[in-house]
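**Student:** The file below is coords19.tsv, TSV, C-alpha atoms:
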chain	number	residue	atom	x	y	z
G	1	ASP	CA	0.00	0.00	0.00
G	2	THR	CA	1.59	3.24	-1.12
G	3	GLY	CA	-0.96	5.54	0.49
G	4	VAL	CA	-0.67	7.60	3.66
G	5	SER	CA	-0.31	5.39	6.71
G	6	GLN	CA	-0.92	6.19	10.36
G	7	ASN	CA	0.00	4.34	13.52
G	8	PRO	CA	-1.47	3.31	15.79
G	9	ARG	CA	-4.97	3.03	14.39
G	10	HIS	CA	-6.50	3.09	17.85
G	11	LYS	CA	-5.19	4.40	21.15
G	12	ILE	CA	-6.89	4.27	24.52
G	13	THR	CA	-5.18	6.20	27.26
G	14	LYS	CA	-5.92	7.51	30.70
G	15	ARG	CA	-6.33	11.20	31.34
G	16	GLY	CA	-3.02	12.82	32.08
G	17	GLN	CA	-0.92	10.42	30.02
G	18	ASN	CA	1.12	11.43	26.98
G	19	VAL	CA	0.47	9.91	23.57
G	20	THR	CA	2.31	10.05	20.26
G	21	PHE	CA	0.96	9.31	16.81
G	22	ARG	CA	2.91	8.73	13.66
G	23	CYS	CA	2.09	9.57	10.05
G	24	ASP	CA	3.96	8.31	6.99
G	25	PRO	CA	3.02	10.34	3.93
G	26	ILE	CA	3.19	9.31	0.31
G	27	SER	CA	6.90	9.30	-0.41
G	28	GLU	CA	7.11	12.05	-3.02
G	29	HIS	CA	4.80	14.42	-1.14
G	30	ASN	CA	6.53	17.29	0.61
G	31	ARG	CA	3.43	18.74	2.27
G	32	LEU	CA	1.92	17.10	5.33
G	33	TYR	CA	-1.18	18.10	7.26
G	34	TRP	CA	-2.77	17.10	10.55
G	35	TYR	CA	-6.51	17.40	11.09
G	36	ARG	CA	-8.73	16.46	14.00
G	37	GLN	CA	-12.25	15.13	13.65
G	38	THR	CA	-14.70	14.87	16.52
G	39	LEU	CA	-18.07	13.15	16.43
G	40	GLY	CA	-20.52	14.86	14.12
G	41	GLN	CA	-17.97	17.30	12.76
G	42	GLY	CA	-15.87	17.53	9.66
G	43	PRO	CA	-12.08	17.42	9.89
G	44	GLU	CA	-10.54	20.55	11.42
G	45	PHE	CA	-7.09	21.76	10.46
G	46	LEU	CA	-4.42	21.50	13.15
G	47	THR	CA	-1.06	22.08	11.53
G	48	TYR	CA	0.88	21.89	8.30
G	49	PHE	CA	4.44	21.09	7.22
G	50	GLN	CA	6.27	21.85	4.04
G	51	ASN	CA	9.25	19.51	4.12
G	52	GLU	CA	10.50	19.74	7.72
G	53	ALA	CA	9.21	23.26	8.36
G	54	GLN	CA	6.02	23.67	10.36
G	55	LEU	CA	4.40	26.63	8.65
G	56	GLU	CA	1.11	27.05	10.48
G	57	LYS	CA	-0.55	25.95	13.67
G	58	SER	CA	-4.24	26.30	14.33
G	59	ARG	CA	-5.49	27.89	17.52
G	60	LEU	CA	-6.99	24.46	18.20
G	61	LEU	CA	-3.46	23.26	18.87
G	62	SER	CA	-2.88	24.07	22.51
G	63	ASP	CA	0.53	24.07	24.20
G	64	ARG	CA	-0.01	20.42	25.06
G	65	PHE	CA	0.19	19.51	21.40
G	66	SER	CA	3.41	19.34	19.44
G	67	ALA	CA	4.11	18.09	15.94
G	68	GLU	CA	7.38	17.37	14.23
G	69	ARG	CA	8.60	16.27	10.86
G	70	PRO	CA	12.31	15.98	11.50
G	71	LYS	CA	13.59	14.85	8.12
G	72	GLY	CA	10.76	16.00	5.95
G	73	SER	CA	9.38	12.49	5.72
G	74	PHE	CA	7.26	11.00	8.52
G	75	SER	CA	5.63	13.18	11.13
G	76	THR	CA	4.69	12.71	14.77
G	77	LEU	CA	1.94	14.38	16.75
G	78	GLU	CA	2.34	14.30	20.53
G	79	ILE	CA	-0.30	15.21	23.06
G	80	GLN	CA	0.90	15.76	26.59
G	81	ARG	CA	-1.28	15.44	29.68
G	82	THR	CA	-4.24	14.20	27.69
G	83	GLU	CA	-7.74	15.39	28.55
G	84	GLN	CA	-11.07	13.79	27.77
G	85	GLY	CA	-11.73	16.56	25.27
G	86	ASP	CA	-8.78	15.30	23.22
G	87	SER	CA	-10.77	12.19	22.29
G	88	ALA	CA	-11.12	12.35	18.53
G	89	MET	CA	-9.96	10.92	15.24
G	90	TYR	CA	-6.60	12.40	14.23
G	91	LEU	CA	-6.15	12.47	10.48
G	92	CYS	CA	-2.99	12.97	8.51
G	93	ALA	CA	-2.90	14.01	4.87
G	94	SER	CA	-0.16	14.69	2.36
G	95	SER	CA	0.14	16.42	-0.97
G	96	GLN	CA	2.62	17.68	-3.48
G	97	GLN	CA	3.60	21.30	-3.55
G	98	GLY	CA	2.13	23.37	-6.30
G	99	GLY	CA	2.21	27.15	-6.09
G	100	SER	CA	-1.28	28.50	-6.32
G	101	TYR	CA	-2.62	25.24	-7.70
G	102	SER	CA	-3.68	22.87	-5.01
G	103	TYR	CA	-2.67	19.31	-5.50
G	104	GLU	CA	-4.99	16.72	-4.01
G	105	GLN	CA	-4.61	15.98	-0.33
G	106	TYR	CA	-4.49	12.24	0.30
G	107	PHE	CA	-5.74	11.19	3.69
G	108	GLY	CA	-4.61	8.42	5.96
G	109	PRO	CA	-6.98	6.10	7.82
G	110	GLY	CA	-6.67	8.10	11.01
G	111	THR	CA	-5.77	7.35	14.61
G	112	ARG	CA	-8.74	7.16	16.94
G	113	LEU	CA	-7.84	8.42	20.40
G	114	THR	CA	-10.00	7.66	23.41
G	115	VAL	CA	-9.10	9.33	26.68
G	116	THR	CA	-10.70	7.69	29.72
Q	1	ALA	CA	-12.65	33.65	8.05
Q	2	GLN	CA	-13.67	30.68	5.96
Q	3	ARG	CA	-16.80	28.71	6.66
Q	4	VAL	CA	-18.52	25.79	4.97
Q	5	THR	CA	-22.11	24.90	5.76
Q	6	GLN	CA	-23.83	21.64	4.91
Q	7	PRO	CA	-27.37	22.11	6.13
Q	8	GLU	CA	-28.39	18.45	6.00
Q	9	LYS	CA	-26.87	15.96	8.42
Q	10	LEU	CA	-28.80	13.10	6.88
Q	11	LEU	CA	-30.25	12.55	3.43
Q	12	SER	CA	-32.16	9.46	2.42
Q	13	VAL	CA	-33.29	8.70	-1.13
Q	14	PHE	CA	-34.41	5.68	-3.09
Q	15	LYS	CA	-32.29	4.05	-5.75
Q	16	GLY	CA	-32.79	5.78	-9.09
Q	17	ALA	CA	-33.98	9.03	-7.57
Q	18	PRO	CA	-32.09	12.29	-8.06
Q	19	VAL	CA	-29.94	13.45	-5.20
Q	20	GLU	CA	-28.61	16.87	-4.27
Q	21	LEU	CA	-26.31	17.49	-1.34
Q	22	LYS	CA	-26.16	21.14	-0.41
Q	23	CYS	CA	-23.05	23.13	0.38
Q	24	ASN	CA	-22.77	26.84	1.04
Q	25	TYR	CA	-19.59	28.68	1.83
Q	26	SER	CA	-18.45	31.97	3.26
Q	27	TYR	CA	-15.18	33.46	2.15
Q	28	SER	CA	-14.30	36.95	1.02
Q	29	GLY	CA	-11.65	35.93	-1.46
Q	30	SER	CA	-11.48	33.46	-4.32
Q	31	PRO	CA	-12.19	29.93	-3.13
Q	32	GLU	CA	-11.47	26.50	-4.45
Q	33	LEU	CA	-14.24	24.04	-3.59
Q	34	PHE	CA	-14.08	20.28	-3.20
Q	35	TRP	CA	-16.30	17.36	-2.37
Q	36	TYR	CA	-14.76	14.56	-0.33
Q	37	VAL	CA	-16.44	11.21	0.28
Q	38	GLN	CA	-15.96	8.60	2.97
Q	39	TYR	CA	-17.42	5.18	2.33
Q	40	SER	CA	-18.01	2.85	5.25
Q	41	ARG	CA	-14.72	1.76	6.84
Q	42	GLN	CA	-12.66	3.59	4.23
Q	43	ARG	CA	-10.55	6.69	4.38
Q	44	LEU	CA	-11.57	10.14	3.24
Q	45	GLN	CA	-11.02	10.59	-0.48
Q	46	LEU	CA	-11.47	13.33	-3.00
Q	47	LEU	CA	-14.58	12.98	-5.14
Q	48	LEU	CA	-14.37	16.10	-7.26
Q	49	ARG	CA	-13.16	19.70	-7.34
Q	50	HIS	CA	-14.77	22.66	-9.04
Q	51	ILE	CA	-11.67	23.54	-11.05
Q	52	SER	CA	-11.68	20.27	-12.96
Q	53	ARG	CA	-15.36	20.51	-13.92
Q	54	GLU	CA	-15.54	16.74	-14.19
Q	55	SER	CA	-18.32	14.27	-13.59
Q	56	ILE	CA	-17.11	11.58	-11.22
Q	57	LYS	CA	-19.24	8.49	-10.61
Q	58	GLY	CA	-22.12	10.42	-12.14
Q	59	PHE	CA	-21.77	13.28	-9.67
Q	60	THR	CA	-21.37	16.91	-10.72
Q	61	ALA	CA	-21.03	20.13	-8.79
Q	62	ASP	CA	-21.09	23.69	-10.06
Q	63	LEU	CA	-19.61	26.60	-8.20
Q	64	ASN	CA	-22.16	29.40	-7.97
Q	65	LYS	CA	-20.32	32.45	-6.71
Q	66	GLY	CA	-23.46	34.57	-6.62
Q	67	GLU	CA	-25.17	32.17	-4.24
Q	68	THR	CA	-21.87	31.04	-2.67
Q	69	SER	CA	-22.91	27.45	-3.20
Q	70	PHE	CA	-21.32	24.27	-4.47
Q	71	HIS	CA	-24.10	21.70	-4.41
Q	72	LEU	CA	-23.37	18.09	-5.36
Q	73	LYS	CA	-25.84	16.45	-7.71
Q	74	LYS	CA	-26.49	13.08	-9.26
Q	75	PRO	CA	-29.50	12.37	-11.47
Q	76	PHE	CA	-29.92	8.71	-10.52
Q	77	ALA	CA	-28.64	7.59	-7.14
Q	78	GLN	CA	-27.17	4.11	-6.68
Q	79	GLU	CA	-26.94	2.07	-3.49
Q	80	GLU	CA	-23.15	2.23	-3.65
Q	81	ASP	CA	-23.37	6.01	-3.34
Q	82	SER	CA	-24.31	5.59	0.33
Q	83	ALA	CA	-21.54	7.35	2.23
Q	84	MET	CA	-20.60	10.46	4.18
Q	85	TYR	CA	-20.00	13.46	1.98
Q	86	TYR	CA	-17.97	16.48	3.02
Q	87	CYS	CA	-17.76	19.80	1.24
Q	88	ALA	CA	-14.45	21.61	1.68
Q	89	LEU	CA	-12.96	24.98	0.80
Q	90	ARG	CA	-9.43	26.14	0.15
Q	91	ALA	CA	-8.55	29.80	-0.07
Q	92	LEU	CA	-6.78	30.81	-3.25
Q	93	ASN	CA	-5.75	34.40	-2.76
Q	94	SER	CA	-2.45	35.43	-1.24
Q	95	GLY	CA	-4.15	36.81	1.86
Q	96	GLY	CA	-5.52	33.43	2.84
Q	97	SER	CA	-4.03	30.09	3.62
Q	98	ASN	CA	-3.60	28.44	0.29
Q	99	TYR	CA	-3.18	24.94	1.51
Q	100	LYS	CA	-5.43	24.00	4.41
Q	101	LEU	CA	-8.92	22.73	3.83
Q	102	THR	CA	-11.95	23.96	5.74
Q	103	PHE	CA	-14.60	21.25	5.90
Q	104	GLY	CA	-18.32	21.28	6.48
Q	105	LYS	CA	-19.86	18.94	9.03
Q	106	GLY	CA	-20.83	16.42	6.40
Q	107	THR	CA	-24.00	14.84	5.06
Q	108	LEU	CA	-24.69	11.14	5.45
Q	109	LEU	CA	-26.34	9.92	2.27
Q	110	THR	CA	-28.31	6.71	2.37
Q	111	VAL	CA	-29.61	5.26	-0.87
Q	112	ASN	CA	-32.34	2.73	-0.21
Q	113	PRO	CA	-33.10	-0.19	-2.55
Would you write out, as structure tokens, the structure that this file holds?

**Tutor:**
Amino acid sequence: DTGVSQNPRHKITKRGQNVTFRCDPISEHNRLYWYRQTLGQGPEFLTYFQNEAQLEKSRLLSDRFSAERPKGSFSTLEIQRTEQGDSAMYLCASSQQGGSYSYEQYFGPGTRLTVT
Amino acid sequence: AQRVTQPEKLLSVFKGAPVELKCNYSYSGSPELFWYVQYSRQRLQLLLRHISRESIKGFTADLNKGETSFHLKKPFAQEEDSAMYYCALRALNSGGSNYKLTFGKGTLLTVNP
């Protein structure tokens, strides 16, 4: 499978614990995005990388959240001191770079986080 | 600020009937509009985009800037069209973010036999 992959697919954690998710984009894609989707809502933008540079962070991303893409390939999203409100599906997407033309964003299967 | 509104959470039609999923947007600049679809137990995938003006799986969508709408239509629905449909917007002008997508809340389409 050469699509976007995410691990783990499911994570159950206790409130206050730290969790880390991984996203492997399509290999030739230099743009990587994280979105969060809660029940009954569409995906909401969290952050975006072009190569290894994190270019924008949504206000949804509190100080407890951090994302990295150290070598411009895979990315990790860490949530520290998880809260029940962090329970959601975390989606990763990747795309090629294309000036003003937007190349298609390809989505991964998501990581479903449940905070108990 | 960008906003996408899908007024219907649920839409149920019979096989062979026409279907229209509504999408309205709010954005002061020049938008690019998309429809994404998520079939049961599958990942989110692009269905169509207004720039390409294609018909995909019998679906079409026309961007109406006057009404700020991008409704998705299909003349004859099929059972395999049952899925969650999301309308999304990307800002195109230099003042906006020209990469992130802003999604609506989605419409669950059920096509009954």

**Student:** Which residue out of Q:Ser30, Q:Ser69, Q:Gln45, Q:Thr107 has the minimum interatomic distance to Gly3 of chain G when only C-alpha atoms are used?

**Tutor:**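 Using only C-alpha atoms, Gly3 of chain G sits closest to Q:Gln45.
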
**Student:** Might you pull out every residue within 12 Å of Arg69 of chain G, with only C-alpha atoms counted and same-chain residues fewer than 4 positions away left off, and present them as a ChimeraX atom specification?

**Tutor:** /G:21-25,30-34,47-55,73-78

**Student:** When you get a sec, could you note down which chain G residues fall within 6 Å of chain Q, using all atoms listed in the file, as a list in words?

**Tutor:**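 Per the criterion, chain G yields Gln41, Gly42, Phe107 and Pro109 of chain G.
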
**Student:** Between atom CA of Ile12 of chain G and atom CA of Gln84 of chain G, what is the spacing in Å?

**Tutor:**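 That distance, rounded to one decimal, is 10.9 Å.
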
**Student:** Quick one: of Q:Leu109, Q:Asp81, Q:Val13, Q:Lys22, who's nearest to Glu67 of chain Q, counting all atoms listed in the file?

**Tutor:**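 Going through Q:Leu109, Q:Asp81, Q:Val13, Q:Lys22 one by one, the smallest distance to Glu67 of chain Q is for Q:Lys22.
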
**Student:** Taking (-28.9, 18.1, -6.3) in the file's coordinates as the center, which residues reach within 8 Å of it, counting all atoms listed in the file, put as a list in words?

**Tutor:**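 Returned residue set, sorted by chain then number, is Pro18, Val19, Glu20, Leu21, Lys22, His71, Leu72, Lys73, Lys74 and Pro75 of chain Q.
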
**Student:** Just the selected residues (C-alpha atoms), exported as a JSON list (two decimals), in the coordinates of the input, please.

**Tutor:**
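Contents of result.json, freshly written:
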[["chain", "number", "residue", "atom", "x", "y", "z"],
["Q", 18, "PRO", "CA", -32.09, 12.29, -8.06],
["Q", 19, "VAL", "CA", -29.94, 13.45, -5.20],
["Q", 20, "GLU", "CA", -28.61, 16.87, -4.27],
["Q", 21, "LEU", "CA", -26.31, 17.49, -1.34],
["Q", 22, "LYS", "CA", -26.16, 21.14, -0.41],
["Q", 71, "HIS", "CA", -24.10, 21.70, -4.41],
["Q", 72, "LEU", "CA", -23.37, 18.09, -5.36],
["Q", 73, "LYS", "CA", -25.84, 16.45, -7.71],
["Q", 74, "LYS", "CA", -26.49, 13.08, -9.26],
["Q", 75, "PRO", "CA", -29.50, 12.37, -11.47]]

**Student:** Considering all atoms listed in the file, return as a PyMOL selection string whatever protein or nucleic-acid residues lie within 12 Å of Asp63 of chain G, sequence-local ones (same chain, fewer than 3 positions apart) excluded.

**Tutor:** chain G and resi 57-60+66-67+78-82

**Student:** Please measure the separation of atom CA of Lys14 of chain G and atom CA of Gly110 of chain G, giving the value in Å to one decimal.

**Tutor:** 19.7 Å

**Student:** Measure the distance from atom CA of Ala77 of chain Q to atom CA of Val111 of chain Q in Å and round it to one decimal.

**Tutor:** 6.8 Å

**Student:** Pick out the closest residue to Leu91 of chain G from this set: G:Gly72, G:Pro8, G:Gly16, G:Gly40. Count all atoms listed in the file.

**Tutor:** G:Pro8
